[in-house]
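Enquirer: File follows, data-v9.txt with compact mmCIF, C-alpha atoms:
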```
# COMPACT_ATOMS: atom_id res chain seq x y z
CA MET A 1 97.69 44.16 -24.53
CA MET A 2 97.64 47.72 -23.27
CA GLY A 3 99.34 49.13 -20.15
CA GLY A 4 97.73 51.33 -17.53
CA THR A 5 99.80 54.38 -18.58
CA MET A 6 98.50 54.03 -22.13
CA LEU A 7 94.92 53.88 -20.84
CA ILE A 8 95.44 57.17 -18.96
CA ALA A 9 97.02 58.72 -22.07
CA LEU A 10 94.05 57.72 -24.23
CA LEU A 11 91.60 58.98 -21.58
CA ALA A 12 93.49 62.30 -21.55
CA ALA A 13 93.17 62.50 -25.36
CA SER A 14 89.46 61.82 -24.93
CA GLY A 15 89.33 64.67 -22.37
CA GLY A 16 91.10 66.90 -24.89
CA LEU A 17 88.46 66.09 -27.50
CA PHE A 18 85.72 66.92 -25.00
CA VAL A 19 87.37 70.23 -24.07
CA ALA A 20 87.78 71.24 -27.74
CA GLY A 21 84.10 70.52 -28.35
CA ALA A 22 82.97 72.28 -25.15
CA PHE A 23 84.99 75.37 -26.09
CA GLY A 24 83.30 75.45 -29.50
CA LEU A 25 79.87 74.93 -27.97
CA VAL A 26 80.10 77.85 -25.50
CA SER A 27 82.04 80.29 -27.68
CA ARG A 28 80.27 79.93 -31.05
CA ARG A 29 76.95 81.54 -31.90
CA GLY A 30 76.33 79.90 -35.26
CA VAL A 31 74.14 76.80 -34.86
CA LEU A 32 76.07 74.80 -37.47
CA PHE A 33 79.35 75.39 -35.58
CA GLN A 34 77.67 74.42 -32.30
CA LEU A 35 76.43 71.17 -33.90
CA ILE A 36 79.96 70.41 -35.15
CA SER A 37 81.21 70.99 -31.58
CA ILE A 38 78.57 68.63 -30.16
CA GLU A 39 79.68 65.94 -32.62
CA ILE A 40 83.26 66.41 -31.38
CA MET A 41 82.09 66.19 -27.74
CA LEU A 42 80.25 62.92 -28.51
CA GLY A 43 83.46 61.53 -30.03
CA ALA A 44 85.21 61.91 -26.66
CA PRO A 45 83.14 59.31 -24.71
CA ALA A 46 83.29 57.05 -27.76
CA LEU A 47 87.10 57.05 -27.59
CA ALA A 48 87.01 56.57 -23.80
CA PHE A 49 84.63 53.59 -24.10
CA ILE A 50 86.71 51.92 -26.83
CA ALA A 51 89.98 52.48 -24.91
CA ALA A 52 88.54 51.09 -21.67
CA GLY A 53 87.00 48.15 -23.55
CA ALA A 54 90.37 47.35 -25.12
CA TYR A 55 92.11 47.66 -21.72
CA HIS A 56 89.74 45.24 -20.01
CA GLY A 57 89.22 43.00 -23.06
CA ASN A 58 85.48 43.58 -22.65
CA ALA A 59 82.98 43.85 -25.52
CA ALA A 60 80.87 46.31 -23.50
CA GLY A 61 83.10 49.16 -24.70
CA GLN A 62 82.13 48.61 -28.32
CA GLY A 63 78.53 47.97 -27.28
CA MET A 64 78.36 51.37 -25.58
CA TYR A 65 79.99 52.89 -28.68
CA VAL A 66 77.07 51.63 -30.81
CA LEU A 67 74.60 53.31 -28.43
CA VAL A 68 76.60 56.58 -28.51
CA LEU A 69 76.55 56.37 -32.30
CA ALA A 70 72.75 56.05 -32.36
CA LEU A 71 72.48 59.08 -30.05
CA ALA A 72 74.86 61.10 -32.26
CA ALA A 73 72.90 60.23 -35.40
CA ALA A 74 69.58 61.27 -33.81
CA GLU A 75 71.15 64.49 -32.45
CA ALA A 76 72.69 65.43 -35.82
CA ALA A 77 69.40 64.86 -37.67
CA LEU A 78 67.31 66.88 -35.19
CA GLY A 79 69.90 69.65 -34.82
CA LEU A 80 70.31 70.11 -38.55
CA ALA A 81 66.53 70.15 -39.05
CA LEU A 82 66.28 72.91 -36.43
CA TYR A 83 69.12 74.74 -38.16
CA VAL A 84 67.46 74.61 -41.60
CA ARG A 85 64.23 75.83 -40.00
CA LEU A 86 66.10 78.68 -38.27
CA ARG A 87 67.89 79.72 -41.48
CA ARG A 88 64.55 79.89 -43.28
CA GLY A 89 63.22 82.32 -40.65
CA ALA A 90 66.46 84.32 -40.50
CA ALA A 91 66.59 84.73 -44.28
CA ALA A 92 63.08 86.21 -44.19
CA GLU A 93 64.02 88.68 -41.43
CA GLY A 94 67.52 89.44 -42.75
CA SER A 95 69.21 88.53 -39.43
CA VAL A 96 72.35 86.44 -38.87
CA GLY A 97 70.36 83.60 -37.30
CA ASP A 98 72.26 82.46 -34.19
CA SER A 99 71.11 79.87 -31.66
CA ASP A 100 69.09 82.44 -29.66
CA GLY A 101 66.55 82.39 -32.49
CA ILE A 102 65.56 78.76 -31.76
CA SER A 103 63.55 79.89 -28.70
CA GLU A 104 61.39 81.99 -31.03
CA LEU A 105 60.58 79.17 -33.44
CA LYS A 106 56.95 78.13 -33.46
CA ARG A 107 54.44 76.67 -35.84
CA MET B 1 96.90 45.83 -30.72
CA ASN B 2 99.13 48.89 -30.92
CA ALA B 3 98.11 51.34 -28.19
CA GLY B 4 100.93 53.79 -29.06
CA LEU B 5 99.66 54.10 -32.63
CA ALA B 6 96.14 54.57 -31.28
CA PHE B 7 97.38 57.42 -29.07
CA VAL B 8 99.07 59.12 -32.05
CA PHE B 9 95.81 58.93 -34.03
CA ALA B 10 93.84 60.18 -31.01
CA LEU B 11 96.20 63.19 -30.76
CA LEU B 12 95.65 63.85 -34.47
CA GLY B 13 91.92 63.73 -33.76
CA VAL B 14 92.28 66.23 -30.90
CA ALA B 15 94.27 68.62 -33.14
CA ALA B 16 91.73 68.35 -35.97
CA SER B 17 88.87 68.86 -33.48
CA ALA B 18 90.49 71.98 -32.03
CA LEU B 19 90.84 73.36 -35.55
CA ALA B 20 87.24 72.41 -36.42
CA ALA B 21 85.91 74.15 -33.29
CA THR B 22 87.75 77.42 -34.05
CA ARG B 23 87.29 77.89 -37.82
CA THR B 24 85.02 80.73 -38.90
CA ASN B 25 84.64 79.20 -42.37
CA ALA B 26 81.92 76.54 -42.22
CA ALA B 27 83.30 74.40 -45.08
CA ARG B 28 86.70 74.22 -43.38
CA ALA B 29 85.08 73.40 -40.02
CA VAL B 30 83.23 70.44 -41.60
CA ALA B 31 86.42 69.28 -43.36
CA PHE B 32 88.31 69.29 -40.03
CA LEU B 33 85.39 67.48 -38.35
CA LEU B 34 85.73 64.79 -41.03
CA ALA B 35 89.49 64.58 -40.41
CA SER B 36 88.88 64.24 -36.66
CA LEU B 37 86.28 61.47 -37.12
CA LEU B 38 88.56 59.54 -39.52
CA ALA B 39 91.49 59.85 -37.08
CA LEU B 40 89.30 58.44 -34.30
CA GLY B 41 88.29 55.59 -36.61
CA ALA B 42 91.97 54.82 -37.22
CA ALA B 43 92.56 54.86 -33.44
CA PHE B 44 89.71 52.33 -33.00
CA PHE B 45 91.29 50.02 -35.59
CA ALA B 46 94.65 50.33 -33.80
CA LEU B 47 92.87 49.28 -30.56
CA ASP B 48 91.52 46.15 -32.36
CA ALA B 49 87.96 47.50 -32.13
CA THR B 50 87.37 46.73 -35.81
CA PHE B 51 83.57 46.80 -35.57
CA ALA B 52 83.60 50.26 -33.97
CA GLY B 53 86.20 51.49 -36.47
CA ALA B 54 84.11 50.37 -39.44
CA LEU B 55 80.98 51.97 -37.93
CA GLN B 56 82.92 55.18 -37.25
CA ILE B 57 83.90 55.47 -40.92
CA LEU B 58 80.58 54.29 -42.41
CA VAL B 59 78.09 56.07 -40.14
CA TYR B 60 79.99 59.06 -38.70
CA ALA B 61 82.38 60.00 -41.52
CA GLY B 62 79.95 58.76 -44.16
CA ALA B 63 76.36 59.52 -43.20
CA VAL B 64 76.58 62.26 -40.54
CA VAL B 65 79.19 64.34 -42.40
CA ALA B 66 77.20 63.93 -45.66
CA VAL B 67 74.17 65.50 -43.92
CA PHE B 68 76.39 68.36 -42.66
CA ILE B 69 77.61 68.94 -46.24
CA PHE B 70 74.01 69.15 -47.47
CA VAL B 71 73.33 71.84 -44.87
CA LEU B 72 76.48 73.81 -45.82
CA ILE B 73 74.63 75.45 -48.74
CA THR B 74 72.43 77.42 -46.32
CA VAL B 75 75.33 78.82 -44.22
CA ASP B 76 75.50 82.58 -43.75
CA SER B 77 79.09 83.50 -44.70
CA SER B 78 78.57 87.28 -44.61
CA ALA B 79 81.24 89.43 -42.97
CA ARG B 80 78.80 90.21 -40.13
CA ALA B 81 78.27 86.55 -39.22
CA ILE B 82 82.01 85.74 -39.41
CA ASP B 83 82.84 88.77 -37.25
CA GLN B 84 80.27 87.65 -34.65
CA GLU B 85 81.91 84.21 -34.52
CA GLY B 86 85.39 85.66 -34.04
CA ARG B 87 84.22 88.03 -31.30
CA GLY B 88 82.53 85.20 -29.39
CA MET B 89 85.68 83.08 -29.44
CA ARG B 90 87.90 85.91 -28.20
CA GLN B 91 85.57 86.47 -25.24
CA ALA B 92 85.06 82.82 -24.27
CA TRP B 93 88.62 81.53 -23.89
CA PRO B 94 88.84 82.00 -20.04
CA ALA B 95 85.74 79.83 -19.58
CA ALA B 96 87.24 77.23 -21.91
CA ALA B 97 90.55 77.26 -20.03
CA LEU B 98 88.73 76.73 -16.72
CA ALA B 99 86.71 73.86 -18.21
CA SER B 100 89.86 72.20 -19.56
CA ALA B 101 91.55 72.43 -16.15
CA LEU B 102 88.50 70.93 -14.44
CA ILE B 103 88.28 68.05 -16.92
CA LEU B 104 91.99 67.23 -17.23
CA ALA B 105 93.05 67.69 -13.56
CA PRO B 106 91.46 64.43 -12.30
CA LEU B 107 93.33 62.52 -15.04
CA VAL B 108 96.68 64.11 -14.13
CA PHE B 109 96.29 63.32 -10.42
CA ALA B 110 94.64 59.92 -10.87
CA PRO B 111 96.67 56.86 -9.85
CA VAL B 112 97.91 54.96 -12.87
CA PRO B 113 95.88 51.74 -13.16
CA ALA B 114 97.78 48.49 -12.99
CA ASP B 115 98.53 46.66 -16.20
CA PRO B 116 95.80 44.11 -16.94
CA PRO B 117 96.67 40.41 -16.78
CA SER B 118 98.18 39.13 -20.00
CA SER B 119 95.18 36.82 -20.45
CA VAL B 120 93.09 39.77 -21.73
CA THR B 121 92.14 39.13 -25.37
CA PRO B 122 90.64 41.72 -27.74
CA SER B 123 86.87 41.37 -28.14
CA THR B 124 85.69 40.35 -31.59
CA THR B 125 82.67 41.54 -33.57
CA LYS B 126 80.97 38.29 -32.57
CA ASP B 127 81.37 39.22 -28.88
CA VAL B 128 79.83 42.65 -29.54
CA GLY B 129 76.88 41.10 -31.39
CA THR B 130 76.30 38.52 -28.65
CA LEU B 131 76.28 41.31 -26.08
CA LEU B 132 74.00 43.68 -28.04
CA PHE B 133 71.40 41.11 -29.04
CA GLY B 134 71.56 39.17 -25.77
CA PRO B 135 71.79 40.97 -22.40
CA TRP B 136 71.59 44.46 -23.94
CA ALA B 137 68.56 43.88 -26.19
CA ILE B 138 66.49 46.39 -24.20
CA ALA B 139 69.14 49.11 -24.70
CA VAL B 140 69.17 48.41 -28.46
CA GLU B 141 65.38 48.68 -28.53
CA ALA B 142 65.59 52.00 -26.67
CA ALA B 143 68.13 53.24 -29.23
CA SER B 144 65.80 52.25 -32.07
CA PHE B 145 62.97 54.17 -30.38
CA LEU B 146 65.30 57.16 -30.10
CA LEU B 147 66.00 57.02 -33.84
CA LEU B 148 62.28 56.68 -34.58
CA ALA B 149 61.51 59.72 -32.38
CA ALA B 150 64.27 61.67 -34.18
CA LEU B 151 62.78 60.68 -37.55
CA ILE B 152 59.31 61.91 -36.59
CA GLY B 153 60.77 65.07 -35.01
CA VAL B 154 62.76 65.91 -38.15
CA ARG B 155 59.65 65.36 -40.27
CA HIS B 156 57.73 67.72 -37.98
CA ILE B 157 60.39 70.46 -37.68
CA GLY B 158 61.71 70.35 -41.23
CA GLY B 159 58.34 70.17 -43.00
CA ARG B 160 56.99 73.33 -44.58
CA ASP B 161 54.18 75.31 -42.94
CA ARG B 162 50.72 74.97 -44.45
CA ASN B 163 50.41 78.71 -45.10
CA GLU B 164 53.90 78.64 -46.61
CA GLU B 165 52.79 76.01 -49.12
CA GLU B 166 49.69 77.98 -50.06
CA GLY B 167 51.59 81.26 -50.40
```
For the file at hand, write its structure as structure tokens.

Expert:
Amino acid sequence: MMGGTMLIALLAASGGLFVAGAFGLVSRRGVLFQLISIEIMLGAPALAFIAAGAYHGNAAGQGMYVLVLALAAAEAALGLALYVRLRRGAAAEGSVGDSDGISELKR
Amino acid sequence: MNAGLAFVFALLGVAASALAATRTNAARAVAFLLASLLALGAAFFALDATFAGALQILVYAGAVVAVFIFVLITVDSSARAIDQEGRGMRQAWPAAALASALILAPLVFAPVPADPPSSVTPSTTKDVGTLLFGPWAIAVEAASFLLLAALIGVRHIGGRDRNEEEG
């Protein structure tokens, strides 16, 4: 049993998570830090879904969480593969290797 | 269900996330990401979402963070890279402040929703399974296709070049 005030409080915490992740995503140049920030941003809707599901007593909240989880896993795998690829190129050139380098990746 | 406890854990998660997003040391950033994910998992347990809490700890804090730790060995921790990170963060805070205001303002001015009727019961893992493998089966199939596409994409991006193997 959860009151409406508590739902708003949890949604605000979820907004705080999203803001922390968005700040990291726009301010960082390192791809690994940007990926960490995206993981944080994906945690925000997960918390919002679970809180709303608990408020309404509806299983759809946890169902949506499972789908968000699958998206996060796919994103982390692809992002880290791009990062490893980028580091390999940057090590050869001797550059720092920030996210701008991804547009120059090619086979 | 203890919503107050869940809110405390969610605040812990927000604090750990803010620290993770602002560290210039990659190992510390990953450690704070792990702390944030575990705090969210605890909040899910406090909200009686036991299935989601277990998945959060097993898949997020277990598998995803383990992959991040594998990638840590390739991180550039030279003074030049760390200085670039710090400079970017000092320049970007006005944009971040604007974004926070835009995201949090609707919540501050939103009407507080009414308390739900006391007949609301927490949904069990069985309810979640019935939903996912019944009416939402198409969504689960789409998620499995997404994971398959990610698998093939990682194999394609992460594989070595042919000329690299020869050389």

Enquirer: Please build the interface table for chain A against chain B with a cut-off of 6 Å, listing for each qualifying residue the nearest atom pair and the distance in Å to one decimal; count only C-alpha atoms, order rows by chain and increasing number, and write it as CSV.

Expert:
```
residue,atom,partner,partner_atom,distance
A:Gly3,CA,B:Asp115,CA,4.7
A:Gly4,CA,B:Pro113,CA,4.8
A:Leu10,CA,B:Phe7,CA,5.9
A:Leu17,CA,B:Val14,CA,5.1
A:Val19,CA,B:Ser100,CA,5.5
A:Ala20,CA,B:Ala18,CA,5.1
A:Phe23,CA,B:Ala96,CA,5.1
A:Gly24,CA,B:Ala21,CA,4.8
A:Ser27,CA,B:Met89,CA,4.9
A:Arg28,CA,B:Glu85,CA,5.7
A:Ser37,CA,B:Ala21,CA,5.9
A:Gly57,CA,B:Pro122,CA,5.1
A:Ala59,CA,B:Val128,CA,5.2
A:Gly63,CA,B:Val128,CA,5.9
A:Ala74,CA,B:Ala150,CA,5.3
A:Leu78,CA,B:Val154,CA,5.5
A:Ala81,CA,B:Gly158,CA,5.3
A:Val96,CA,B:Ala81,CA,5.9
```

Enquirer: Those selected residues, please, written with C-alpha atoms and delivered as a PDB file, in the coordinates of the input.

Expert:
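Output saved as result-v6.pdb:
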```pdb
ATOM      1  CA  GLY A   3      99.340  49.130 -20.150  1.00  0.00           C
ATOM      2  CA  GLY A   4      97.730  51.330 -17.530  1.00  0.00           C
ATOM      3  CA  LEU A  10      94.050  57.720 -24.230  1.00  0.00           C
ATOM      4  CA  LEU A  17      88.460  66.090 -27.500  1.00  0.00           C
ATOM      5  CA  VAL A  19      87.370  70.230 -24.070  1.00  0.00           C
ATOM      6  CA  ALA A  20      87.780  71.240 -27.740  1.00  0.00           C
ATOM      7  CA  PHE A  23      84.990  75.370 -26.090  1.00  0.00           C
ATOM      8  CA  GLY A  24      83.300  75.450 -29.500  1.00  0.00           C
ATOM      9  CA  SER A  27      82.040  80.290 -27.680  1.00  0.00           C
ATOM     10  CA  ARG A  28      80.270  79.930 -31.050  1.00  0.00           C
ATOM     11  CA  SER A  37      81.210  70.990 -31.580  1.00  0.00           C
ATOM     12  CA  GLY A  57      89.220  43.000 -23.060  1.00  0.00           C
ATOM     13  CA  ALA A  59      82.980  43.850 -25.520  1.00  0.00           C
ATOM     14  CA  GLY A  63      78.530  47.970 -27.280  1.00  0.00           C
ATOM     15  CA  ALA A  74      69.580  61.270 -33.810  1.00  0.00           C
ATOM     16  CA  LEU A  78      67.310  66.880 -35.190  1.00  0.00           C
ATOM     17  CA  ALA A  81      66.530  70.150 -39.050  1.00  0.00           C
ATOM     18  CA  VAL A  96      72.350  86.440 -38.870  1.00  0.00           C
TER      19      VAL A  96
END
```

Enquirer: In Å, with one decimal, what is the gap from atom CA of A:Gly16 to atom CA of A:Gly43?

Expert: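 Between atom CA of A:Gly16 and atom CA of A:Gly43 the gap works out to 10.7 Å.
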
Enquirer: Enter the distance from atom CA of B:Glu141 to atom CA of A:Leu42, in Å, rounded to one decimal.

Expert: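 We find that atom CA of B:Glu141 and atom CA of A:Leu42 lie 20.6 Å from each other.
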
Enquirer: Could you check how far atom CA of A:Leu82 sits from atom CA of A:Phe33, in Å to one decimal?

Expert: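 Atom CA of A:Phe33 lies at a distance of 13.3 Å from atom CA of A:Leu82.
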
Enquirer: Residues within 7 Å of A:Tyr65, please, as a PDB file with C-alpha atoms, in the frame of the given file. Count all atoms listed in the file; anything in the same chain fewer than 2 positions from it doesn't count.

Expert:
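Final output, selection-v2.pdb:
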```pdb
ATOM      1  CA  ALA A  46      83.290  57.050 -27.760  1.00  0.00           C
ATOM      2  CA  PHE A  49      84.630  53.590 -24.100  1.00  0.00           C
ATOM      3  CA  GLY A  61      83.100  49.160 -24.700  1.00  0.00           C
ATOM      4  CA  GLN A  62      82.130  48.610 -28.320  1.00  0.00           C
ATOM      5  CA  GLY A  63      78.530  47.970 -27.280  1.00  0.00           C
ATOM      6  CA  LEU A  67      74.600  53.310 -28.430  1.00  0.00           C
ATOM      7  CA  VAL A  68      76.600  56.580 -28.510  1.00  0.00           C
ATOM      8  CA  LEU A  69      76.550  56.370 -32.300  1.00  0.00           C
TER       9      LEU A  69
ATOM     10  CA  ALA B  52      83.600  50.260 -33.970  1.00  0.00           C
TER      11      ALA B  52
END
```

Enquirer: For a quick check of understanding, using all atoms listed in the file, which of A:Gln34, A:Gly79, A:Ile40, A:Ala9 has the smallest distance to B:Ala35?

Expert: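 Between A:Gln34, A:Gly79, A:Ile40, A:Ala9, the residue approaching B:Ala35 most closely is A:Ile40.
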
Enquirer: My list of candidates is B:Ile69, B:Ala137, B:Ala46, B:Ala27. Which is closest to A:Ile50 when distances are computed with only C-alpha atoms?

Expert: B:Ala46

Enquirer: Return the single residue from B:Ala66, B:Ile57, B:Arg28, B:Leu5 that is closest to A:Ala76, with distances computed using only C-alpha atoms.

Expert: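 Among B:Ala66, B:Ile57, B:Arg28, B:Leu5, it is B:Ala66 that comes nearest to A:Ala76.
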